Amino acid sequence: MPSTDAPLLVAVDIGGTFTDITLRDGATGRAWTAKTPSTPADPSEAFLTGVSLVLEAAGESAGRIGRVLHGTTVATNLILEGKGARTALITTAGFRHVLEIGRQDIPRAANLYGWVKPARPVPPARVLEVVERVAADGRVLTPLDEASLAAAVAACRALGVQAVAICLLHAFAAPAHERRVAEALRDALPGIAVTASTEVLPVVREYERSLATILNAQVMPAVSTYVGRLEERLRAAGIAAPLLLMKSNGGVAGAAAIRRAPAVTALSGPAAGVVGAQAVAAAAGFPDIITVDIGGTSADICLMKGGAIGLTSRGRVGDWPLPLPMVDMVTIGAGGGSLARVTAAGALAVGPESAGAVPGPACYGRGGARATVTDAHVTLGHLPPRLLGGRMALDVAAAAAAVRDSVAGPLGMGLHEAARGILAIADSTMVGAVRLVSVERGHDPRDFALVPFGGAGPLHGCALAELLGIRTVLVPPSPGVLCAQGLLAADLKAEFSRSVHSEEAAAVAGVFAALEAEAAAWFEEEAVPPPARALRRVALMRYAGQGGELAIPWSAAAAAEFAATHRALYGFDLPDAAVELVTLRVEATGRLAGDIATRRPPGTGAAPSGRHPVHFPGGTRDAALYAREALGAGDRFAGPAIVTQLDATTLVPPGWAGEMAATGALILRREGLAG
Amino acid sequence: MDATTARCDAVTLEIVRGALRAAQAEMEALVERTAMSAFIREKKDFYTALFDAEGVMAVGSNVPVFGDIAAPVFRHFPKAGMRDGDLYWYNDCYESGGAVSHSNDQVFLAPVFLEGRRVAFVMGWAHFADIGGLRPGSISPDATDIFQEGVIIPPVRLVRDGEVNEAALRIFYRNGRYPRIAQGDARALMASVALGVTRMREVAARFGADILADALAQLLARTEATVRARLRETFAVGTHRFTDRIDGDGHGNGPFRIRLSLTRTPEDRFILDATETDDQSPGPVNFLMHPDVPGMALGLFFLGGDPTQVVNAGCPRAIDAVRLREGSLLQPRFPAPLGLRGLTMMRMLAALNGLVAVAGGKAPAAHAAYVIILLRGSAGGRPFLMSDGIGVGYGARDTADGIDAVYFVAQENYPAEFLELEYPVRLRHYGLHCDSGGPGRCRGGCGVVREYEVLAEEAVLSVRIDGVENPPWGADGGRSGGPGRVVVNPGTAGERLLRPLSDGNRLRRGDVLRIETGGGGGRGHPFDRAAAAVLADVLGGMVSLAAARRDYGVAIRDGTVDGPATAALRAARPAALAFHRGGYAHALD
C-alpha cells in the first residue's frame, strides 16, 4: 500500500527492443518516463538500469519507492517457443496417453489430409503413472500405492527433469493423493519445480488441467529465477518495496504467489495493455470500449462494458488451451509486420506469416523485400518519413517496390489500390474478431468507443471504427507503451474456484465459505488492509446438459438472472429446463489503484508542424502534421491529419475531427455524427 | 444494377470470404455453448454452411460428407415462394438423395433476404442423440429398415412470419426418448441459423447483393479451377481403379467391396464410377452416397491447407460425372437401413485415397473408421444413454506420420472426468493402442484402448467397429494398420469377444468392457524409418520392443538403439509391393 513516506510507484515494461519505465508520484500525480535498451540475456539488468535512470530524472531516492510493478513475458515466450524446462507428468495409472490423445479431434478449421497433431509439451516417454484412483465424488477407490510412487520418483530422477507436473483424475474432489506425490517429489528431488493440478486449476477435464499444470511447471524454474534475480537486484539498489507482477487476469500479485503459479502470467503483457486502456478510457469518461492492440505480428481484441474487464476460462496460449482465468480477448495473426501475398489461385492473403523483427517491413531498410501492412501504410503516406522523433528514417521507395512486386503486379492493380487492398484485408480480419467478441457477449459494437493502441493501433483506429459503425475513437496518451499505464492502474486480483456437483444451498454456502477462506489467506499474504479488500461471488451456470456456462453474480435471483442473460446473448431461453451450477468462483480484489490520468494544460489552439501528402481513396490530400506533445487540452483539429509521437502515429482521415482531452487522451469523432 | 456487370475485385473477395468465415465461427460458437446433448456439446457433431441465392453451397466445412443440402427443400417449397424469416427442416435421407445420410442428422435451412431480394441461404446441421427407433440412440446394428432408425422428417417449413410450427416440433420431440434434450438442441440450432441469417444480411448490405453474388460465384469457380488443375496433375488420361472393403453388415453378410474407378478422357473430362460396388446389405451399413460426396472429398484433399481456399460445391463440379448403381452398397434402395453408414463412408474416403495412390499421387494410406458404442440402461432409477465415440488411427502421409487417436474432423471425446460424472461407468484405462499403427517410413496413426467398468446394475451395449478382418491398408511399401476388437472381462475366466457389429449385449455391474480400435496404414518401407523415430515410439508406448525389431528392423537395448544389431537386422530387408493389407499386393481386391 502506498504511504506518505513511500509514495512513488515504478512500472517496468520489458519489450523486445526497449525497456520502458514509468515513475509516478502517487501524492502529486507527477510522472516521469525513461527508456533503455532491453538486455535479453538477463532482462533484470535493463530493469534496474531503467529504474536508476528514472529516479535520476525525477531527482528521487530509492527509499521513497512504495511499489514496483512489472509485466513479464518470460512465461509467455517460453510457452510460445516451447522452450520451458524439461518436465515430467505424473498421472493416474491407465492414463499415460492423456496428452497424446488430447480431445481426439482434428480441429474444425484444419484439413484432415494434411493436419499434424502438435507435439505435446511433454512427450509420452516422460509421462509416469502412479497407482491410485479417486471417484468423481471424491471417494478414494484405490489408495495411493507408495511403491508406484517411489518408482515414479526414481524415474523422474533418471529422466533428469527440471520440473514435474502432477495431475491425477478427479483430484479437485480429493487432493490428498496429489499432495502426497508432491511431497515425495520435493523430499526426494529438492531443487526441481513441482506443481500439482489442484494448486493451479482445480476444475474438471483431465486433458486441459494436465496441460495447465505442465505449462505451469515448465515455466516455473525460469520465472522463479527471474523473479528472484529481480528481487535481489532491487534489494541491492536499496529498494525495499514489494515487487508486484501482472497476471493474465488483469490484476497484479506478489512475487511469492507468482512463483507458485507462474502460468498465471502467460498473458501478462496483453493484460497490462487492456488494463491501461480501461483506465485511460474510464478517466476520459468512456466506460464501454473495444480495445484493439496491434503489434508486429498479432492483434489482441477485447471488449469492456461498464468499465468491467471480462474474464474467460477458455483462453489459449499458442497451440494450447489454458483454462486459467484470463482477460477475455481474441488474438489474431494480423499486425504491422504481417506479410501480403498472392496465392496460386489468385487470392490476396495478408498474414498470419510475419516479417518478424528481422528483416522486418521493407520500409525499415533491413533487407525485407515482401510487402507488409506497414509498407502499405508507408506507400499511402500514412506515416511521416521519419519515426521515433526523427531518429528512424523510413525507406518509402522500398515499401512501394515491395507492394508493387508482391501484390500490385501479380494482381494487375495500381500501386495505391494494392496498398489499400492490403490494409482493407487486415482491417477486415480485425473487424471479424471484434464481431466475435461482441456477439459472444450479446453487444452491438456501435455502442462502444474504440481504443486502438500498440505501435500500429492508431493507424487503423478510424478505419476499423468506420467498418464497425463506431463513432468515437480514443487514442491513449502513450499508445505504444500502454502496459506501463496498466501496471500503475492495476489492483491485486485473484480468483478461487471449485467445480460443484450439488445445488443444495448448504453445500453452495460451504464452498463459497471455503473459497473465501482461501481468499482471506491470500489477502494476508499480500498484506492487503481490510478496507481495501473486496470479494465477489460468481456462479458459472448453464441449462442442465449445455456445453457452455455463463458467469452470473451470485444471489438468490441468480437463476432468473441466468435466463435473462442467456436470452440477451443467444436469442432464446428455456423456461422448462433445469438450471445447474457448474463452478463457484470467488473473485478477490485488493484495491491499489490511484488515478493515473495525466493532466494536460489547456491548449492555445492546434498548430500543424507541417504537411504531408496522403493517398486517400478519394484522392491525394495534404494532411496536417501535429506533434502530440504540442497539443493542449481542448485543442481541436480536422482530418485529414497525422498526429506524431515517439511511440505511435495516429491517422485521422477526412471526415474525422480530433480533440485533445484534459486527461491527455486524443478523442477522434466522425463529423456530422453525434457521440 | 445488372447482376452480370457487378464484379467483385480480388480485395473485396478476400474480405467477403473472411466475413463469411467469421459468420460461420459465430454460428458454431453459439451451438457449442447452448446445445444440450453431450453428442453436440462435448462431441461437437454439428456443422454450418453458407449458400448462394440459388442454394449452391459456397462456403462449406472441412468435413467432406455433404451433398446438395438445399435442393430437397426446393422440391417442396419453390424458392420463389420463400419469404424473409422462413426456416426449413428435414432429415429425410432417401428424399434428399443422400444429402443427409442417416436420420439422426437434422438440417435447418433458412433463406436470407435483403430488401426483398433473396441473396443467400444459411444451414445449421447437427446429430441428434435420439430420434426414436428400435433402440435408444436410434442407430443399431440390428436395424433392417430405415423406419427402425427413428422418425423421418421430410422437408417442412418450421417458421413463417415469425410463427413456429410448434405442432411439428411436438410430434418430433414426442417420438424421441429424450424430448428435453432434443428441444434444447433444436432451439440452439435454430438460434444459430437465425444468427447466420443476420450476418449474411449484413454482408450483403455492406457490399451489395450483386457483389456478394459475384463473390460467391468466384469462390465456387476458384475452388473448381484449383481442383480440376490438381486432378489433371494427378491422373493421366485413362482409367484408374481401386477396390477396398468393409468387413460386413452385422447380419452375417460380407465382406462388401467398394469398387471405384476414375476415368480421365482425352478431352479432360473426369468420370467417377462406383457401379461395380457390391450389392446393398441387409444390415445398416449402406451408405446412400450423394453424387457430390466423392468430389467434396477429393476436393478437400487437393485444396490442402491453403487458408484462402474454400471447400464448397466447386469441388463436386470438378468431377464431370458420378455413376452409381441403384441397389448397390453406395446407392441402396428405400427403405434399406443406413444407421451405420459411417463406416462405409470412411472406407469410401480411403478408397478415394487409393485412387490417387494408384495414379502415383501422394494421398495418405487408409485410416480406420471411427468407433461408436452405445450403452443404455438405468441407474438410480433414471434411464441413461451413453453414446461414446472413440478415436482411431489415421493413415500415414508421404511427409508425416498418420494421426494418432482421432475420431474425425471437429469431433471431441468425452473426458474421463466428464464421463464418470455423467454416466454410471468408470474408465480403467484410456490410452494409445500399442502396435496398431501400420509400420512404415511414415507410421500409421495408433488407435485407442478404452476400458470401462460398468457401474449400472444392468446395461445393454451396442458396438460398431470395422476393419477387424480387413484392416486399413498401407501404401508405397508401408503396411496395414492393426485391427480393433471389443472384449468383455479380458483376462478372466468369463472373457468373451463381442461381434464387431452387434447390439443387445447385456452387461452387469462390475463387468469390464475393453475396446481396442484400429490403427491407420503406414506409408513407405518400415526399414526406411529413422531408428531414432522408432526408439521414440517405443519409449512413448506406440510401438513395442518386439515390433520394433520385427517390423522396423530396429534393435533397442536399455532405452537406446543398438546400432550394429540394427544394421544387421536391416541388412535383411523384406521385399515390398505397392499396397499391403495383411500381406503385400500389387493391387487390393
# chains A, B, ... in the order shown; residues from 1 in each chain; ligands from 1
$ interface_residues --of "chain B" --to "chain A" --cutoff "6 Å" --atoms "only C-alpha atoms" --output "PyMOL selection string"
chain B and resi 11+15+22+33-36+41+301+305+405-407+409-413+415+417+421+429-431+539-540
$ closest_residue --among "B:Ser436, B:Asn489, B:Asn104, B:Thr198" --to "Val454 in chain B" --atoms "only C-alpha atoms"
B:Asn489
$ closest_residue --among "A:Ser148, A:Ser248, A:Thr650, A:Ser298" --to "Thr73 in chain A" --atoms "only C-alpha atoms"
A:Ser248
$ residues_around --residues "Phe235 in chain B" --least-positions-apart "5" --cutoff "8 Å" --atoms "only C-alpha atoms" --output "list in words"
His240, Arg264, Val356 and Ala359 of chain B
$ residues_around --residues "range 654-658 of chain A" --least-positions-apart "2" --cutoff "9 Å" --atoms "only C-alpha atoms" --output "VMD selection string"
chain A and resid 462 616 621 623 635 to 641 652 660 666 to 672
$ residues_around --residues "Ala484 in chain A" --least-positions-apart "4" --cutoff "7 Å" --atoms "only C-alpha atoms" --output "ChimeraX atom specification"
/A:11-13,22,488
